[in-house]
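Structure file final_23.tsv; described as TSV, C-alpha atoms.
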```tsv
chain	number	residue	atom	x	y	z
A	1484	MET	CA	0.00	0.00	0.00
A	1485	TRP	CA	1.52	3.28	-1.14
A	1486	ASP	CA	0.67	6.64	0.33
A	1487	VAL	CA	0.89	8.30	-3.08
A	1488	ILE	CA	1.04	6.98	-6.62
A	1489	VAL	CA	1.89	9.49	-9.33
A	1490	ILE	CA	0.99	8.48	-12.88
A	1491	GLY	CA	3.28	10.28	-15.32
A	1492	GLY	CA	7.01	10.89	-15.22
A	1493	GLY	CA	7.11	14.32	-16.83
A	1494	ALA	CA	7.95	17.65	-15.25
A	1495	ALA	CA	4.79	18.00	-13.15
A	1496	GLY	CA	4.72	14.37	-12.07
A	1497	LEU	CA	8.34	14.33	-10.95
A	1498	MET	CA	7.93	17.58	-9.02
A	1499	THR	CA	4.81	16.27	-7.28
A	1500	ALA	CA	6.56	13.05	-6.33
A	1501	ILE	CA	9.60	14.92	-4.99
A	1502	GLU	CA	7.56	17.21	-2.77
A	1503	ALA	CA	5.34	14.41	-1.46
A	1504	GLY	CA	8.40	12.31	-0.74
A	1505	LYS	CA	10.01	15.15	1.20
A	1506	ARG	CA	7.01	15.04	3.53
A	1507	GLY	CA	7.78	11.45	4.38
A	1508	ARG	CA	5.08	9.98	2.19
A	1509	ARG	CA	5.70	6.60	0.54
A	1510	VAL	CA	5.61	7.57	-3.12
A	1511	LEU	CA	5.58	5.46	-6.28
A	1512	LEU	CA	5.90	7.17	-9.67
A	1513	LEU	CA	4.75	5.22	-12.72
A	1514	GLU	CA	5.82	6.07	-16.27
A	1515	HIS	CA	4.51	3.98	-19.16
A	1516	GLN	CA	7.47	4.94	-21.37
A	1517	GLU	CA	10.93	3.40	-20.99
A	1518	LYS	CA	12.31	6.59	-19.46
A	1519	VAL	CA	11.04	9.63	-17.57
A	1520	GLY	CA	11.17	13.21	-18.82
A	1521	LYS	CA	10.94	12.60	-22.57
A	1522	LYS	CA	9.27	15.93	-23.24
A	1523	ILE	CA	11.87	17.68	-21.11
A	1524	LEU	CA	14.62	16.12	-23.22
A	1525	ILE	CA	13.31	17.47	-26.53
A	1526	SER	CA	12.41	20.91	-25.21
A	1527	GLY	CA	14.33	24.04	-26.06
A	1528	GLY	CA	16.20	22.39	-28.89
A	1529	GLY	CA	17.58	19.83	-26.44
A	1530	ARG	CA	18.64	22.44	-23.89
A	1531	CYS	CA	15.34	22.79	-21.99
A	1532	ASN	CA	13.88	26.24	-21.55
A	1533	PHE	CA	13.19	25.32	-17.92
A	1534	THR	CA	11.50	28.53	-16.75
A	1535	ASN	CA	10.93	32.20	-17.50
A	1536	LEU	CA	12.10	34.97	-15.19
A	1537	TYR	CA	8.87	36.88	-15.71
A	1538	ALA	CA	6.30	34.10	-15.38
A	1539	GLY	CA	3.06	35.41	-13.91
A	1540	PRO	CA	-0.69	34.77	-14.19
A	1541	GLU	CA	-0.94	37.09	-17.20
A	1542	ASN	CA	1.15	34.63	-19.23
A	1543	TYR	CA	-1.43	31.83	-19.07
A	1544	LEU	CA	-4.66	30.97	-20.86
A	1545	SER	CA	-7.53	29.36	-18.98
A	1546	SER	CA	-11.30	29.55	-18.80
A	1547	ASN	CA	-10.62	30.52	-15.16
A	1548	ARG	CA	-7.75	33.00	-15.30
A	1549	HIS	CA	-7.50	33.19	-11.50
A	1550	PHE	CA	-6.86	29.48	-10.94
A	1551	CYS	CA	-3.12	29.59	-11.60
A	1552	LYS	CA	-2.38	32.52	-9.27
A	1553	SER	CA	-1.95	30.61	-6.00
A	1554	ALA	CA	0.46	27.98	-7.31
A	1555	LEU	CA	2.54	30.49	-9.27
A	1556	ALA	CA	2.85	32.63	-6.14
A	1557	ARG	CA	3.86	29.67	-3.97
A	1558	TYR	CA	6.55	28.38	-6.32
A	1559	ARG	CA	8.27	31.08	-8.34
A	1560	PRO	CA	10.90	30.98	-11.09
A	1561	ALA	CA	13.51	31.92	-8.47
A	1562	ASP	CA	12.71	28.72	-6.57
A	1563	PHE	CA	13.47	26.47	-9.51
A	1564	ILE	CA	16.52	28.55	-10.43
A	1565	ALA	CA	17.84	27.99	-6.90
A	1566	LEU	CA	17.39	24.24	-7.43
A	1567	VAL	CA	19.25	24.39	-10.74
A	1568	LYS	CA	22.10	26.30	-9.11
A	1569	ARG	CA	22.27	23.83	-6.23
A	1570	HIS	CA	22.88	21.08	-8.77
A	1571	GLN	CA	25.58	23.24	-10.37
A	1572	ILE	CA	23.87	23.36	-13.77
A	1573	SER	CA	25.06	26.31	-15.83
A	1574	PHE	CA	22.40	28.22	-17.73
A	1575	HIS	CA	21.80	31.42	-19.65
A	1576	GLU	CA	19.02	33.82	-20.56
A	1577	LYS	CA	18.40	33.60	-24.28
A	1578	LYS	CA	15.92	36.49	-24.52
A	1579	LEU	CA	12.74	37.78	-22.92
A	1580	GLY	CA	13.47	36.01	-19.63
A	1581	GLN	CA	13.82	32.57	-21.21
A	1582	LEU	CA	16.34	30.43	-19.30
A	1583	PHE	CA	18.12	27.50	-20.99
A	1584	CYS	CA	20.73	24.98	-19.87
A	1585	ASP	CA	24.15	25.75	-21.30
A	1586	GLN	CA	24.69	22.07	-22.02
A	1587	SER	CA	21.79	19.63	-22.14
A	1588	ALA	CA	18.18	19.09	-21.12
A	1589	GLN	CA	19.36	15.77	-19.70
A	1590	GLN	CA	20.73	17.78	-16.77
A	1591	ILE	CA	17.21	18.82	-15.76
A	1592	VAL	CA	15.97	15.23	-15.94
A	1593	ASP	CA	18.96	14.07	-13.90
A	1594	LEU	CA	18.28	16.80	-11.34
A	1595	LEU	CA	14.66	15.70	-10.93
A	1596	VAL	CA	15.51	12.00	-10.71
A	1597	LYS	CA	18.21	12.68	-8.12
A	1598	GLU	CA	15.84	14.84	-6.06
A	1599	ALA	CA	13.21	12.10	-6.26
A	1600	GLN	CA	15.66	9.44	-5.13
A	1601	GLN	CA	16.80	11.59	-2.23
A	1602	ALA	CA	13.15	12.03	-1.23
A	1603	GLY	CA	12.68	8.25	-1.21
A	1604	VAL	CA	10.50	8.14	-4.32
A	1605	ARG	CA	10.38	4.85	-6.19
A	1606	ILE	CA	10.32	5.32	-9.97
A	1607	GLU	CA	9.11	2.52	-12.23
A	1608	THR	CA	9.32	2.99	-15.99
A	1609	GLY	CA	7.67	0.83	-18.64
A	1610	ARG	CA	4.72	0.31	-16.34
A	1611	GLY	CA	1.38	1.44	-17.62
A	1612	VAL	CA	-1.97	1.42	-15.84
A	1613	THR	CA	-4.88	-0.41	-17.41
A	1614	GLN	CA	-7.63	0.27	-14.88
A	1615	ILE	CA	-8.25	2.38	-11.77
A	1616	GLU	CA	-10.97	1.96	-9.16
A	1617	HIS	CA	-11.79	4.39	-6.39
A	1618	THR	CA	-12.53	2.75	-3.04
A	1619	ASP	CA	-13.24	4.05	0.46
A	1620	GLY	CA	-9.62	3.48	1.41
A	1621	GLY	CA	-8.13	5.06	-1.69
A	1622	PHE	CA	-7.42	3.64	-5.14
A	1623	SER	CA	-6.79	0.24	-6.69
A	1624	LEU	CA	-4.73	0.17	-9.88
A	1625	SER	CA	-4.35	-2.65	-12.36
A	1626	THR	CA	-1.09	-2.92	-14.28
A	1627	PRO	CA	0.41	-5.67	-16.47
A	1628	GLN	CA	2.95	-6.28	-13.70
A	1629	GLY	CA	0.31	-6.68	-11.01
A	1630	PRO	CA	-2.09	-4.67	-8.84
A	1631	LEU	CA	-1.23	-1.59	-6.78
A	1632	ARG	CA	-3.02	0.34	-4.07
A	1633	CYS	CA	-2.63	3.87	-2.73
A	1634	THR	CA	-4.31	6.45	-0.53
A	1635	SER	CA	-3.66	9.42	-2.84
A	1636	LEU	CA	-3.52	9.29	-6.61
A	1637	VAL	CA	-1.95	11.99	-8.78
A	1638	LEU	CA	-2.68	12.18	-12.48
A	1639	ALA	CA	0.27	13.83	-14.21
A	1640	SER	CA	0.04	12.12	-17.58
A	1641	GLY	CA	0.15	15.29	-19.69
A	1642	GLY	CA	-1.90	16.38	-22.67
A	1643	LEU	CA	-2.26	15.18	-26.25
A	1644	SER	CA	0.75	16.94	-27.73
A	1645	ILE	CA	3.51	15.05	-29.54
A	1646	PRO	CA	2.07	11.51	-29.55
A	1647	LYS	CA	5.31	10.13	-31.02
A	1648	ILE	CA	6.92	10.48	-27.58
A	1649	GLY	CA	4.03	8.79	-25.83
A	1650	ALA	CA	1.30	11.39	-25.30
A	1651	THR	CA	-2.17	9.88	-24.84
A	1652	ASP	CA	-5.59	10.89	-23.53
A	1653	PHE	CA	-5.18	8.60	-20.49
A	1654	GLY	CA	-5.54	11.32	-17.85
A	1655	PHE	CA	-8.59	12.83	-19.51
A	1656	ARG	CA	-10.28	9.44	-19.75
A	1657	VAL	CA	-9.64	8.58	-16.11
A	1658	ALA	CA	-10.82	11.94	-14.79
A	1659	LYS	CA	-13.87	11.90	-17.03
A	1660	GLN	CA	-14.98	8.51	-15.70
A	1661	TRP	CA	-15.36	10.16	-12.29
A	1662	GLY	CA	-17.40	13.05	-13.59
A	1663	HIS	CA	-14.73	15.67	-14.20
A	1664	ARG	CA	-15.58	18.13	-16.93
A	1665	ILE	CA	-13.22	18.92	-19.79
A	1666	GLN	CA	-12.82	22.31	-21.42
A	1667	GLU	CA	-12.40	21.86	-25.18
A	1668	THR	CA	-8.86	20.75	-25.98
A	1669	TYR	CA	-6.89	21.91	-29.02
A	1670	PRO	CA	-3.26	22.09	-30.20
A	1671	ALA	CA	-1.42	25.17	-28.92
A	1672	LEU	CA	2.01	26.66	-29.54
A	1673	VAL	CA	1.72	25.08	-32.96
A	1674	PRO	CA	2.54	26.16	-36.55
A	1675	LEU	CA	-0.35	27.43	-38.69
A	1676	SER	CA	-0.91	25.83	-42.08
A	1677	TYR	CA	-1.73	27.61	-45.34
A	1678	ASN	CA	-5.14	27.55	-46.95
A	1679	PRO	CA	-4.95	26.13	-50.51
A	1680	THR	CA	-4.66	29.56	-52.14
A	1681	ASP	CA	-1.79	30.71	-49.95
A	1682	LEU	CA	-0.07	27.34	-50.27
A	1683	ALA	CA	0.11	27.84	-54.03
A	1684	ARG	CA	1.27	31.47	-53.67
A	1685	LEU	CA	3.65	31.19	-50.71
A	1686	GLY	CA	4.66	27.56	-50.26
A	1687	ASP	CA	8.01	28.06	-52.00
A	1688	LEU	CA	9.11	30.80	-49.60
A	1689	SER	CA	10.25	28.22	-47.05
A	1690	GLY	CA	13.13	29.36	-44.86
A	1691	ILE	CA	12.39	33.09	-44.80
A	1692	ALA	CA	12.29	34.56	-41.28
A	1693	LEU	CA	11.60	38.13	-40.21
A	1694	ASP	CA	10.55	40.26	-37.25
A	1695	THR	CA	6.76	40.61	-37.14
A	1696	LEU	CA	3.87	41.76	-35.01
A	1697	VAL	CA	1.06	39.22	-35.12
A	1698	GLN	CA	-2.43	39.67	-33.74
A	1699	VAL	CA	-5.68	37.79	-33.16
A	1700	GLY	CA	-8.45	39.88	-31.67
A	1701	LYS	CA	-6.82	42.10	-29.04
A	1702	THR	CA	-3.94	39.71	-28.36
A	1703	GLN	CA	-0.64	40.39	-30.08
A	1704	PHE	CA	2.98	39.22	-29.98
A	1705	ARG	CA	6.11	40.65	-31.51
A	1706	GLU	CA	8.68	38.03	-32.45
A	1707	ASN	CA	10.09	36.32	-35.54
A	1708	SER	CA	7.78	34.57	-37.98
A	1709	LEU	CA	9.06	31.84	-40.27
A	1710	PHE	CA	7.70	30.95	-43.70
A	1711	ALA	CA	7.63	27.16	-44.11
A	1712	HIS	CA	6.59	24.91	-46.97
A	1713	PHE	CA	3.31	24.07	-45.20
A	1714	GLY	CA	2.50	27.42	-43.60
A	1715	LEU	CA	3.83	29.82	-40.99
A	1716	SER	CA	5.88	29.00	-37.91
A	1717	GLY	CA	8.39	30.76	-35.66
A	1718	PRO	CA	7.93	32.16	-32.14
A	1719	ALA	CA	5.35	34.82	-33.03
A	1720	ILE	CA	3.13	32.33	-34.86
A	1721	LEU	CA	3.43	29.68	-32.14
A	1722	GLN	CA	2.43	32.28	-29.54
A	1723	ILE	CA	-0.62	33.52	-31.42
A	1724	SER	CA	-1.73	29.97	-32.33
A	1725	SER	CA	-2.86	29.44	-28.73
A	1726	TYR	CA	-5.40	32.24	-29.21
A	1727	TRP	CA	-6.42	31.43	-32.78
A	1728	ARG	CA	-9.56	29.43	-33.48
A	1729	PRO	CA	-10.67	28.05	-36.87
A	1730	GLY	CA	-12.23	30.70	-39.07
A	1731	GLN	CA	-10.38	33.60	-37.48
A	1732	THR	CA	-7.96	35.86	-39.34
A	1733	VAL	CA	-4.42	36.46	-38.14
A	1734	ARG	CA	-3.24	40.01	-38.74
A	1735	ILE	CA	0.49	40.20	-39.46
A	1736	ASN	CA	2.59	43.36	-39.58
A	1737	LEU	CA	5.63	42.48	-41.68
A	1738	LEU	CA	7.22	45.89	-40.97
A	1739	PRO	CA	6.41	46.63	-37.32
A	1740	ASP	CA	8.85	49.56	-37.13
A	1741	LEU	CA	7.80	51.19	-40.39
A	1742	ASP	CA	4.68	53.04	-41.53
A	1743	ALA	CA	4.61	51.62	-45.04
A	1744	LEU	CA	1.95	53.99	-46.41
A	1745	THR	CA	3.82	57.10	-45.29
A	1746	GLN	CA	7.10	55.85	-46.76
A	1747	LEU	CA	5.50	54.80	-50.04
A	1748	GLN	CA	3.67	58.10	-50.39
A	1749	ARG	CA	6.98	59.94	-49.97
A	1750	GLU	CA	8.51	57.84	-52.73
A	1751	ARG	CA	5.53	58.47	-55.00
A	1752	ASP	CA	5.40	62.19	-54.29
A	1753	ALA	CA	9.13	62.48	-55.02
A	1754	GLY	CA	8.48	60.96	-58.43
A	1755	SER	CA	10.45	57.80	-57.72
A	1756	LYS	CA	11.31	55.81	-60.83
A	1757	GLN	CA	12.09	52.59	-58.99
A	1758	PRO	CA	9.52	49.76	-59.07
A	1759	LEU	CA	7.93	48.47	-55.87
A	1760	GLY	CA	10.15	45.38	-55.80
A	1761	ILE	CA	13.33	47.45	-55.56
A	1762	TRP	CA	11.93	49.47	-52.66
A	1763	LEU	CA	10.75	46.33	-50.89
A	1764	ASN	CA	14.26	44.86	-51.16
A	1765	GLN	CA	15.34	47.52	-48.65
A	1766	VAL	CA	12.84	46.45	-46.00
A	1767	LEU	CA	12.09	42.74	-46.59
A	1768	PRO	CA	14.11	39.59	-47.34
A	1769	LYS	CA	14.68	39.53	-51.10
A	1770	ARG	CA	12.55	36.50	-51.97
A	1771	LEU	CA	9.67	37.83	-49.91
A	1772	ALA	CA	10.07	41.29	-51.45
A	1773	ALA	CA	9.87	39.82	-54.96
A	1774	ARG	CA	6.76	37.78	-54.11
A	1775	TRP	CA	4.97	40.69	-52.41
A	1776	SER	CA	5.72	42.84	-55.43
A	1777	GLU	CA	4.19	40.21	-57.71
A	1778	LEU	CA	1.10	39.77	-55.55
A	1779	TYR	CA	0.31	43.34	-54.58
A	1780	GLY	CA	2.24	45.65	-56.89
A	1781	SER	CA	3.05	46.21	-60.55
A	1782	ALA	CA	6.11	46.80	-62.70
A	1783	LYS	CA	5.53	50.54	-63.08
A	1784	PRO	CA	7.59	53.11	-61.12
A	1785	LEU	CA	6.37	54.05	-57.64
A	1786	GLY	CA	5.96	57.61	-58.88
A	1787	GLN	CA	3.05	56.44	-61.03
A	1788	TYR	CA	1.09	54.67	-58.26
A	1789	GLY	CA	-2.28	56.09	-57.24
A	1790	ASP	CA	-3.49	56.47	-53.65
A	1791	LYS	CA	-5.64	53.32	-53.80
A	1792	GLU	CA	-2.73	51.23	-55.12
A	1793	LEU	CA	-0.39	52.49	-52.40
A	1794	ARG	CA	-2.94	51.78	-49.68
A	1795	ARG	CA	-3.32	48.20	-50.95
A	1796	VAL	CA	0.43	47.64	-50.89
A	1797	ALA	CA	0.83	49.24	-47.45
A	1798	GLU	CA	-2.11	47.29	-46.02
A	1799	ASN	CA	-0.51	44.00	-47.02
A	1800	LEU	CA	2.75	45.05	-45.39
A	1801	ASN	CA	1.50	46.50	-42.11
A	1802	ASN	CA	-1.74	44.56	-41.79
A	1803	TRP	CA	-1.58	41.39	-43.86
A	1804	GLN	CA	-4.78	39.42	-43.32
A	1805	PHE	CA	-3.66	35.80	-43.08
A	1806	GLN	CA	-6.41	33.18	-43.08
A	1807	PRO	CA	-4.89	29.89	-41.85
A	1808	GLY	CA	-6.19	26.65	-43.26
A	1809	GLY	CA	-5.68	25.07	-39.85
A	1810	THR	CA	-2.79	24.04	-37.61
A	1811	GLU	CA	-0.19	21.30	-37.82
A	1812	GLY	CA	-2.08	19.51	-35.05
A	1813	TYR	CA	-0.95	17.70	-31.92
A	1814	ARG	CA	2.00	16.09	-33.68
A	1815	LYS	CA	3.70	19.50	-33.88
A	1816	ALA	CA	2.01	21.28	-30.95
A	1817	GLU	CA	4.23	21.99	-27.96
A	1818	VAL	CA	1.27	21.89	-25.56
A	1819	THR	CA	-2.42	21.09	-25.33
A	1820	ALA	CA	-4.74	24.00	-24.61
A	1821	GLY	CA	-7.93	23.41	-22.67
A	1822	GLY	CA	-8.17	20.36	-20.43
A	1823	LEU	CA	-9.74	19.41	-17.12
A	1824	ASP	CA	-12.08	22.11	-15.87
A	1825	THR	CA	-10.32	23.89	-13.02
A	1826	LYS	CA	-13.64	24.47	-11.25
A	1827	ASP	CA	-13.41	20.81	-10.21
A	1828	PHE	CA	-10.07	21.29	-8.39
A	1829	SER	CA	-8.64	23.27	-5.51
A	1830	SER	CA	-6.25	25.98	-6.69
A	1831	GLN	CA	-4.34	25.57	-3.42
A	1832	THR	CA	-3.83	21.79	-3.33
A	1833	PHE	CA	-4.93	20.59	-6.79
A	1834	ALA	CA	-7.19	18.08	-5.08
A	1835	SER	CA	-10.33	17.00	-6.89
A	1836	ARG	CA	-13.60	18.36	-5.56
A	1837	LYS	CA	-15.34	15.25	-6.86
A	1838	VAL	CA	-13.07	12.37	-5.84
A	1839	PRO	CA	-11.38	12.37	-2.39
A	1840	GLY	CA	-7.68	11.61	-2.67
A	1841	LEU	CA	-7.38	12.45	-6.39
A	1842	TYR	CA	-5.05	15.19	-7.65
A	1843	CYS	CA	-4.35	16.45	-11.16
A	1844	VAL	CA	-1.40	18.60	-12.22
A	1845	GLY	CA	0.39	20.14	-15.18
A	1846	GLU	CA	-0.84	20.05	-18.74
A	1847	LEU	CA	-3.92	17.96	-17.90
A	1848	LEU	CA	-5.54	21.04	-16.42
A	1849	ASP	CA	-7.07	23.91	-18.35
A	1850	VAL	CA	-4.02	26.14	-17.90
A	1851	THR	CA	-1.73	26.82	-20.85
A	1852	GLY	CA	1.36	28.99	-20.78
A	1853	TRP	CA	3.01	31.12	-23.43
A	1854	LEU	CA	6.05	29.98	-25.34
A	1855	GLY	CA	9.32	30.54	-23.49
A	1856	GLY	CA	9.50	28.46	-20.31
A	1857	TYR	CA	6.07	29.32	-18.92
A	1858	ASN	CA	4.65	25.81	-19.24
A	1859	PHE	CA	7.58	24.32	-17.33
A	1860	GLN	CA	7.04	26.88	-14.60
A	1861	TRP	CA	3.41	25.79	-14.42
A	1862	ALA	CA	4.56	22.16	-14.14
A	1863	TRP	CA	6.91	23.00	-11.27
A	1864	ALA	CA	4.35	25.19	-9.50
A	1865	SER	CA	1.38	22.83	-9.82
A	1866	GLY	CA	3.52	19.83	-8.88
A	1867	PHE	CA	4.96	21.63	-5.87
A	1868	SER	CA	1.50	22.61	-4.62
A	1869	ALA	CA	0.02	19.14	-5.10
A	1870	GLY	CA	3.03	17.54	-3.47
A	1871	GLN	CA	2.40	19.55	-0.28
A	1872	SER	CA	-0.99	17.90	0.11
A	1873	ALA	CA	-1.11	14.51	-1.69
```

Translate this file's structure into structure tokens.
Amino acid sequence: MWDVIVIGGGAAGLMTAIEAGKRGRRVLLLEHQEKVGKKILISGGGRCNFTNLYAGPENYLSSNRHFCKSALARYRPADFIALVKRHQISFHEKKLGQLFCDQSAQQIVDLLVKEAQQAGVRIETGRGVTQIEHTDGGFSLSTPQGPLRCTSLVLASGGLSIPKIGATDFGFRVAKQWGHRIQETYPALVPLSYNPTDLARLGDLSGIALDTLVQVGKTQFRENSLFAHFGLSGPAILQISSYWRPGQTVRINLLPDLDALTQLQRERDAGSKQPLGIWLNQVLPKRLAARWSELYGSAKPLGQYGDKELRRVAENLNNWQFQPGGTEGYRKAEVTAGGLDTKDFSSQTFASRKVPGLYCVGELLDVTGWLGGYNFQWAWASGFSAGQSA
């Protein structure tokens, strides 16, 4: 009989197990894959963007925007940074508060495993769970290697993102069987694909990157966008994808520091003899400049453009209306947006309000962070909070 069984050996599961173990609880962590921390290992280009210096409630999406506040206040970026320093892992700030290991994401996994071992946590990999029953005394679990029992059960099995490294809907299915509600799930921090028209017009621009300001509704991000053979990617696009829903338009400013209409009018009024494409070469990557000239301009000199023509060109530079055909789905999404309805859980302990002894943490819940270390900080914070109670 275990005091706590944690299902899922990712960031949130390991943190929960560590904190519960520190309290003297007998903790078993189960991971159905052959190793723990697979998502940690591939994050940040293999260097793990393990937190963000500026992580706060405003950096998270949720149908209940207040839910994340307590955990994020209890376990801050400085707390995990202190842990990283204690393990003598060198790191650096890449930009915008994003912290990465200097060497390898494996260092973060090793840190967590070592902390778990020191807390007396038993980790079993390659052990999945086939059935769970809730009893008066806790939980009974069926596994291929035999039955298990525990007083507290923590679901930390993650979302649906990146199935090739083992993501499944296990946690959602288990919670749902006990009456937990699920806010609609969808791929987030994911590239946006072209509609058929844009695929034909822009698909060959793969590899072009530039500074952009992207916007959906009132939400906007300024970062690089990347033209790919299938659509648009890059940090700005990944950020805005979490807010985009099918049918919406993404507004993209390709020249965020330049008022294109004013500049073009000056060229026209000065009687410029250069064609649009030559002018665009000064402000856009050459291949993109040539394509934008083909799509929205003409071969005549800028000095011969009328007001309507200039406005059309400028609009497609400072306010390009991009209509995505969709996203690249869970296979390319860094996280899953939506998830278990937070109304069914305590924001202090992450305990279920429906099933005594059940806890859910991390990506399973309807809390999704921005790109740049925010989702790891949510994993640490939610795991820490649950581990104080489970």

Pick from A:Ser1573, A:Asn1532, A:Ser1676, A:Gln1746 nearest to Pro1560 in chain A, counting all atoms listed in the file: A:Asn1532

Nearby residues (all atoms listed in the file) at most 12 Å from Arg1751 in chain A, same-chain spacing under 4 positions excluded, as a PyMOL selection string: chain A and resi 1744-1747+1755-1759+1762+1783-1790+1792-1793

Any chance you could export the current selection's C-alpha atoms as a PDB file, in the frame of the given file?
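The new file out-v3.pdb reads:
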```
ATOM      1  CA  LEU A1744       1.950  53.990 -46.410  1.00  0.00           C
ATOM      2  CA  THR A1745       3.820  57.100 -45.290  1.00  0.00           C
ATOM      3  CA  GLN A1746       7.100  55.850 -46.760  1.00  0.00           C
ATOM      4  CA  LEU A1747       5.500  54.800 -50.040  1.00  0.00           C
ATOM      5  CA  SER A1755      10.450  57.800 -57.720  1.00  0.00           C
ATOM      6  CA  LYS A1756      11.310  55.810 -60.830  1.00  0.00           C
ATOM      7  CA  GLN A1757      12.090  52.590 -58.990  1.00  0.00           C
ATOM      8  CA  PRO A1758       9.520  49.760 -59.070  1.00  0.00           C
ATOM      9  CA  LEU A1759       7.930  48.470 -55.870  1.00  0.00           C
ATOM     10  CA  TRP A1762      11.930  49.470 -52.660  1.00  0.00           C
ATOM     11  CA  LYS A1783       5.530  50.540 -63.080  1.00  0.00           C
ATOM     12  CA  PRO A1784       7.590  53.110 -61.120  1.00  0.00           C
ATOM     13  CA  LEU A1785       6.370  54.050 -57.640  1.00  0.00           C
ATOM     14  CA  GLY A1786       5.960  57.610 -58.880  1.00  0.00           C
ATOM     15  CA  GLN A1787       3.050  56.440 -61.030  1.00  0.00           C
ATOM     16  CA  TYR A1788       1.090  54.670 -58.260  1.00  0.00           C
ATOM     17  CA  GLY A1789      -2.280  56.090 -57.240  1.00  0.00           C
ATOM     18  CA  ASP A1790      -3.490  56.470 -53.650  1.00  0.00           C
ATOM     19  CA  GLU A1792      -2.730  51.230 -55.120  1.00  0.00           C
ATOM     20  CA  LEU A1793      -0.390  52.490 -52.400  1.00  0.00           C
TER      21      LEU A1793
END
```

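Taking all atoms listed in the file into account, Gly1492 in chain A lies nearest to A:Thr1608 out of the set A:Thr1618, A:Gln1601, A:Thr1608, A:Thr1668.
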
Between CA of Ala1503 in chain A and CA of Ser1865 in chain A, distance in Å (one decimal): 12.5 Å

Coordinates-based distance that separates CA of Asp1849 in chain A from CA of Ala1565 in chain A (Å, one decimal):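 These atoms are spaced 27.7 Å apart.
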
Nearest-residue call for Ala1658 in chain A, choices A:Leu1513, A:Ala1862, A:Val1818, A:Leu1638, using all atoms listed in the file: A:Leu1638

Nearest to Leu1848 in chain A by atom-to-atom distance, counting all atoms listed in the file, from A:Phe1833, A:Trp1863, A:Trp1803, A:Tyr1537: A:Phe1833

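By all atoms listed in the file, and with residues fewer than 4 positions from Leu1693 in chain A along its chain excluded, the set lying at most 8 Å from it is A:Asn1707, A:Ser1708, A:Leu1709, A:Leu1737, A:Leu1767, A:Pro1768.
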
Among listed residues A:Ile1723, A:Val1612, A:Ala1782, A:Leu1595, nearest Leu1696 in chain A (using only C-alpha atoms):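 Looking only at the distances to Leu1696 in chain A, the closest residue turns out to be A:Ile1723.
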
Nearest candidate to Thr1732 in chain A (options A:Pro1679, A:Gly1662, A:Gly1808, A:Gly1528; using all atoms listed in the file):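 When distances to Thr1732 in chain A are compared using all atoms listed in the file, the smallest one comes from A:Gly1808.
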
Exercise: Ser1526 in chain A partners within 9 Å, only C-alpha atoms, chain neighbours under 5 positions left out, as JSON, numbers by chain: {"A": [1521, 1531, 1532, 1533, 1588, 1817]}

Just write range 1512-1522 of chain A with N, CA and C atoms, as a PDB file, in the first residue's frame, taken from the block above.
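And here's selection_3.pdb as it stands now:
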```pdb
ATOM      1  N   LEU A1512       6.165   6.473  -8.411  1.00  0.00           N
ATOM      2  CA  LEU A1512       5.900   7.171  -9.670  1.00  0.00           C
ATOM      3  C   LEU A1512       5.935   6.158 -10.803  1.00  0.00           C
ATOM      4  N   LEU A1513       4.867   6.138 -11.596  1.00  0.00           N
ATOM      5  CA  LEU A1513       4.754   5.219 -12.723  1.00  0.00           C
ATOM      6  C   LEU A1513       4.849   5.981 -14.040  1.00  0.00           C
ATOM      7  N   GLU A1514       5.698   5.493 -14.942  1.00  0.00           N
ATOM      8  CA  GLU A1514       5.825   6.074 -16.269  1.00  0.00           C
ATOM      9  C   GLU A1514       5.704   4.948 -17.294  1.00  0.00           C
ATOM     10  N   HIS A1515       4.743   5.078 -18.218  1.00  0.00           N
ATOM     11  CA  HIS A1515       4.507   3.984 -19.160  1.00  0.00           C
ATOM     12  C   HIS A1515       5.586   3.895 -20.232  1.00  0.00           C
ATOM     13  N   GLN A1516       6.351   4.975 -20.427  1.00  0.00           N
ATOM     14  CA  GLN A1516       7.467   4.944 -21.365  1.00  0.00           C
ATOM     15  C   GLN A1516       8.694   4.307 -20.710  1.00  0.00           C
ATOM     16  N   GLU A1517       9.731   4.061 -21.521  1.00  0.00           N
ATOM     17  CA  GLU A1517      10.925   3.395 -20.990  1.00  0.00           C
ATOM     18  C   GLU A1517      11.808   4.327 -20.182  1.00  0.00           C
ATOM     19  N   LYS A1518      11.540   5.640 -20.251  1.00  0.00           N
ATOM     20  CA  LYS A1518      12.312   6.594 -19.457  1.00  0.00           C
ATOM     21  C   LYS A1518      11.432   7.771 -19.071  1.00  0.00           C
ATOM     22  N   VAL A1519      11.798   8.450 -18.007  1.00  0.00           N
ATOM     23  CA  VAL A1519      11.045   9.631 -17.575  1.00  0.00           C
ATOM     24  C   VAL A1519      11.564  10.865 -18.320  1.00  0.00           C
ATOM     25  N   GLY A1520      10.731  11.907 -18.331  1.00  0.00           N
ATOM     26  CA  GLY A1520      11.173  13.208 -18.825  1.00  0.00           C
ATOM     27  C   GLY A1520      11.400  13.322 -20.315  1.00  0.00           C
ATOM     28  N   LYS A1521      10.702  12.541 -21.123  1.00  0.00           N
ATOM     29  CA  LYS A1521      10.941  12.595 -22.571  1.00  0.00           C
ATOM     30  C   LYS A1521      10.661  13.969 -23.165  1.00  0.00           C
ATOM     31  N   LYS A1522       9.595  14.621 -22.695  1.00  0.00           N
ATOM     32  CA  LYS A1522       9.266  15.931 -23.237  1.00  0.00           C
ATOM     33  C   LYS A1522      10.289  16.970 -22.782  1.00  0.00           C
TER      34      LYS A1522
END
```
